[in-house]
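Note sheet for the following structure.
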Amino acid sequence: MLRSNGRNKTDFVIFLFALGLTAFGLLMIFSAGAPYAKSRFNDIYYFIKDQMFAAVIGLVLMLIASSVSYKLYRKLSWIIFPIGLILLILTYIPGIGVAYSDARRWINIGFEFQPSEIYKLAFIVFLSKIILDFKKLDKPLIGYFVTMGITLSSALIIFFQPHLSAAIIITLVGFVIIFIGGTKIKYL
């Protein structure tokens, strides 16, 4: 999984970068939130405790996800993508979707999470599979229109939550995948 030789050297480097960025983010949360947490909750660690727990869970999930073969992701993409899409749509349903300051980005199932984060992985895997499938069928232009439709409709669903940064990320990632898939720049 995280060996530093051969093909997995890149995985190890990516893990180290993720670990470093996570540690830096936690440090920033602590330094920015400690004074307020001390005055409001009389505990300088109030905000950082939950964030550290979430960071550990995230890193463990990253390790698990990186150890799964891309072939399995490709096979499961027809299941992963609709689940991600359904989770995105659930944010609009009152009682399931949670709103903060008019933004419906979260779902509460005993804990709150943003489905757009899960959807990003599902989107990347599914879009890549679609492009590959249409290339194999020698119908790249149809593949272009299908992937562009998926990209733009996904971005719109996220945009109206409103979650502009995630919509921009989905759009840019979609364009990059479409471009890497062989579409000419003039079509983008």
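Each chain in the structure tokens gets a letter, A, B and so on, in the order shown; residues start at 1 in every chain, and ligands are counted from 1 in the order they appear.
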List every residue of chain A that DSSP, applied to the backbone of this structure, places in helix (DSSP H, G or I), and write the result as a PyMOL selection string. chain A and resi 8-41+46-67+70-90+115-136+140-159+164-180+185-187
Requested write-out: C-alpha atoms of the selected residues, as a short mmCIF file (atom, residue, chain, number, x, y, z; two decimals), in the first residue's frame:
data_model
loop_
_atom_site.label_atom_id
_atom_site.label_comp_id
_atom_site.auth_asym_id
_atom_site.auth_seq_id
_atom_site.Cartn_x
_atom_site.Cartn_y
_atom_site.Cartn_z
CA ASN A 8 3.90 2.88 -4.97
CA LYS A 9 6.51 5.60 -4.45
CA THR A 10 4.05 8.11 -5.89
CA ASP A 11 1.36 6.88 -3.49
CA PHE A 12 3.70 7.45 -0.56
CA VAL A 13 4.59 10.97 -1.72
CA ILE A 14 0.91 11.85 -2.19
CA PHE A 15 0.17 10.49 1.29
CA LEU A 16 2.96 12.62 2.77
CA PHE A 17 1.61 15.73 1.03
CA ALA A 18 -1.91 14.97 2.27
CA LEU A 19 -0.59 14.44 5.78
CA GLY A 20 1.37 17.70 5.65
CA LEU A 21 -1.58 19.70 4.31
CA THR A 22 -3.87 18.18 6.92
CA ALA A 23 -1.43 19.03 9.73
CA PHE A 24 -1.09 22.58 8.39
CA GLY A 25 -4.88 22.95 8.20
CA LEU A 26 -5.29 21.71 11.76
CA LEU A 27 -2.65 24.15 12.95
CA MET A 28 -4.45 27.03 11.22
CA ILE A 29 -7.81 26.01 12.72
CA PHE A 30 -6.25 25.82 16.16
CA SER A 31 -4.41 29.14 15.91
CA ALA A 32 -7.44 30.97 14.50
CA GLY A 33 -10.04 29.35 16.75
CA ALA A 34 -8.26 29.00 20.11
CA PRO A 35 -8.87 32.56 21.37
CA TYR A 36 -12.58 32.44 20.48
CA ALA A 37 -12.94 28.90 21.87
CA LYS A 38 -11.31 30.03 25.12
CA SER A 39 -13.62 33.02 25.54
CA ARG A 40 -16.81 31.28 24.39
CA PHE A 41 -16.38 27.69 25.66
CA TYR A 46 -12.98 23.08 21.50
CA PHE A 47 -12.82 23.37 17.69
CA ILE A 48 -9.69 21.34 17.06
CA LYS A 49 -10.98 18.15 18.76
CA ASP A 50 -13.68 17.48 16.17
CA GLN A 51 -11.41 18.51 13.33
CA MET A 52 -8.63 16.14 14.46
CA PHE A 53 -11.11 13.28 14.65
CA ALA A 54 -12.40 14.08 11.16
CA ALA A 55 -8.82 14.38 9.85
CA VAL A 56 -7.90 10.93 11.17
CA ILE A 57 -11.07 9.43 9.65
CA GLY A 58 -10.29 11.17 6.35
CA LEU A 59 -6.70 9.93 6.25
CA VAL A 60 -7.80 6.37 7.04
CA LEU A 61 -10.43 6.54 4.29
CA MET A 62 -7.79 7.89 1.90
CA LEU A 63 -5.51 4.94 2.69
CA ILE A 64 -8.36 2.49 2.13
CA ALA A 65 -9.47 4.18 -1.10
CA SER A 66 -5.91 4.27 -2.46
CA SER A 67 -5.43 0.56 -1.84
CA TYR A 70 -8.83 1.23 -10.23
CA LYS A 71 -10.38 -1.73 -12.06
CA LEU A 72 -12.76 -2.28 -9.15
CA TYR A 73 -13.69 1.40 -9.15
CA ARG A 74 -14.35 1.17 -12.88
CA LYS A 75 -16.63 -1.86 -12.38
CA LEU A 76 -18.49 -0.20 -9.51
CA SER A 77 -18.82 3.20 -11.19
CA TRP A 78 -22.36 2.41 -12.35
CA ILE A 79 -23.30 2.00 -8.67
CA ILE A 80 -21.07 4.66 -7.08
CA PHE A 81 -22.19 7.49 -9.38
CA PRO A 82 -25.97 7.17 -8.87
CA ILE A 83 -25.47 6.91 -5.11
CA GLY A 84 -23.40 10.10 -5.16
CA LEU A 85 -26.01 11.82 -7.32
CA ILE A 86 -28.85 10.75 -5.02
CA LEU A 87 -26.93 12.05 -2.01
CA LEU A 88 -26.50 15.41 -3.77
CA ILE A 89 -30.22 15.62 -4.50
CA LEU A 90 -31.10 14.66 -0.91
CA PRO A 115 -22.34 14.81 -0.26
CA SER A 116 -20.43 16.93 -2.77
CA GLU A 117 -17.20 15.55 -1.29
CA ILE A 118 -18.29 11.95 -1.97
CA TYR A 119 -19.68 12.98 -5.33
CA LYS A 120 -16.31 14.32 -6.49
CA LEU A 121 -14.78 10.83 -6.37
CA ALA A 122 -17.86 9.23 -7.94
CA PHE A 123 -17.86 11.87 -10.68
CA ILE A 124 -14.18 11.36 -11.57
CA VAL A 125 -14.49 7.58 -11.74
CA PHE A 126 -17.75 7.62 -13.71
CA LEU A 127 -16.70 10.29 -16.18
CA SER A 128 -13.44 8.46 -16.88
CA LYS A 129 -15.33 5.23 -17.49
CA ILE A 130 -17.81 6.91 -19.85
CA ILE A 131 -15.00 8.41 -21.94
CA LEU A 132 -13.20 5.08 -22.10
CA ASP A 133 -16.37 3.20 -23.07
CA PHE A 134 -17.20 5.59 -25.92
CA LYS A 135 -13.60 5.47 -27.17
CA LYS A 136 -13.79 1.68 -27.31
CA PRO A 140 -15.76 9.79 -29.14
CA LEU A 141 -18.04 12.66 -30.22
CA ILE A 142 -21.07 11.08 -28.55
CA GLY A 143 -18.88 10.46 -25.51
CA TYR A 144 -17.93 14.14 -25.52
CA PHE A 145 -21.57 15.27 -25.46
CA VAL A 146 -22.52 12.75 -22.77
CA THR A 147 -19.59 13.68 -20.52
CA MET A 148 -20.13 17.40 -21.09
CA GLY A 149 -23.80 16.96 -20.17
CA ILE A 150 -22.89 15.06 -17.01
CA THR A 151 -20.29 17.69 -16.09
CA LEU A 152 -22.54 20.70 -16.57
CA SER A 153 -25.64 19.15 -14.96
CA SER A 154 -23.54 18.05 -11.97
CA ALA A 155 -22.09 21.54 -11.62
CA LEU A 156 -25.57 23.08 -11.75
CA ILE A 157 -26.94 20.76 -9.05
CA ILE A 158 -24.05 21.74 -6.78
CA PHE A 159 -24.17 25.43 -7.78
CA LEU A 164 -19.84 27.70 -5.90
CA SER A 165 -16.35 26.37 -5.13
CA ALA A 166 -17.42 22.72 -5.51
CA ALA A 167 -19.31 23.57 -8.72
CA ILE A 168 -16.17 25.19 -10.14
CA ILE A 169 -14.05 22.20 -9.09
CA ILE A 170 -16.50 19.75 -10.72
CA THR A 171 -16.53 21.81 -13.92
CA LEU A 172 -12.74 22.13 -14.12
CA VAL A 173 -12.13 18.47 -13.26
CA GLY A 174 -14.73 17.46 -15.84
CA PHE A 175 -13.03 19.57 -18.53
CA VAL A 176 -9.61 18.14 -17.62
CA ILE A 177 -10.92 14.56 -17.80
CA ILE A 178 -12.63 15.26 -21.12
CA PHE A 179 -9.42 16.84 -22.46
CA ILE A 180 -7.21 13.98 -21.22
CA ILE A 185 -9.38 22.00 -26.94
CA LYS A 186 -11.58 23.81 -29.47
CA TYR A 187 -14.57 21.69 -28.32
#
Excluding same-chain residues fewer than 6 positions from Gln161 (chain A), what lies within 6 Å of it counting only C-alpha atoms, as a PDB file with N, CA and C atoms, in the first residue's frame?
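Ended up saving to selection-v4.pdb:
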ATOM      1  N   ALA A 103     -27.613  27.883   2.706  1.00  0.00           N
ATOM      2  CA  ALA A 103     -26.856  26.923   1.891  1.00  0.00           C
ATOM      3  C   ALA A 103     -27.265  25.513   2.298  1.00  0.00           C
ATOM      4  N   ARG A 104     -27.748  24.732   1.343  1.00  0.00           N
ATOM      5  CA  ARG A 104     -28.166  23.345   1.600  1.00  0.00           C
ATOM      6  C   ARG A 104     -27.098  22.407   1.068  1.00  0.00           C
ATOM      7  N   ARG A 105     -26.023  22.275   1.801  1.00  0.00           N
ATOM      8  CA  ARG A 105     -24.887  21.468   1.346  1.00  0.00           C
ATOM      9  C   ARG A 105     -24.688  20.205   2.165  1.00  0.00           C
TER      10      ARG A 105
END
Take CA of Gln114 (chain A) and CA of Val98 (chain A) and report the distance between them in Å, one decimal. 9.7 Å
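In terms of minimum interatomic distance to Phe113 (chain A), A:Ala99 ranks closest within A:Gly182, A:Ala99, A:Leu137, A:Ser69, counting only C-alpha atoms.
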Taking the backbone alone, and naming residues the way the document does, which bits of region 42-102 of chain A are strand (DSSP E) by DSSP, as a VMD selection string? chain A and resid 97 to 100
Report, in Å to a single decimal, how far apart CA of Asn108 (chain A) and CA of Phe160 (chain A) are. 18.9 Å
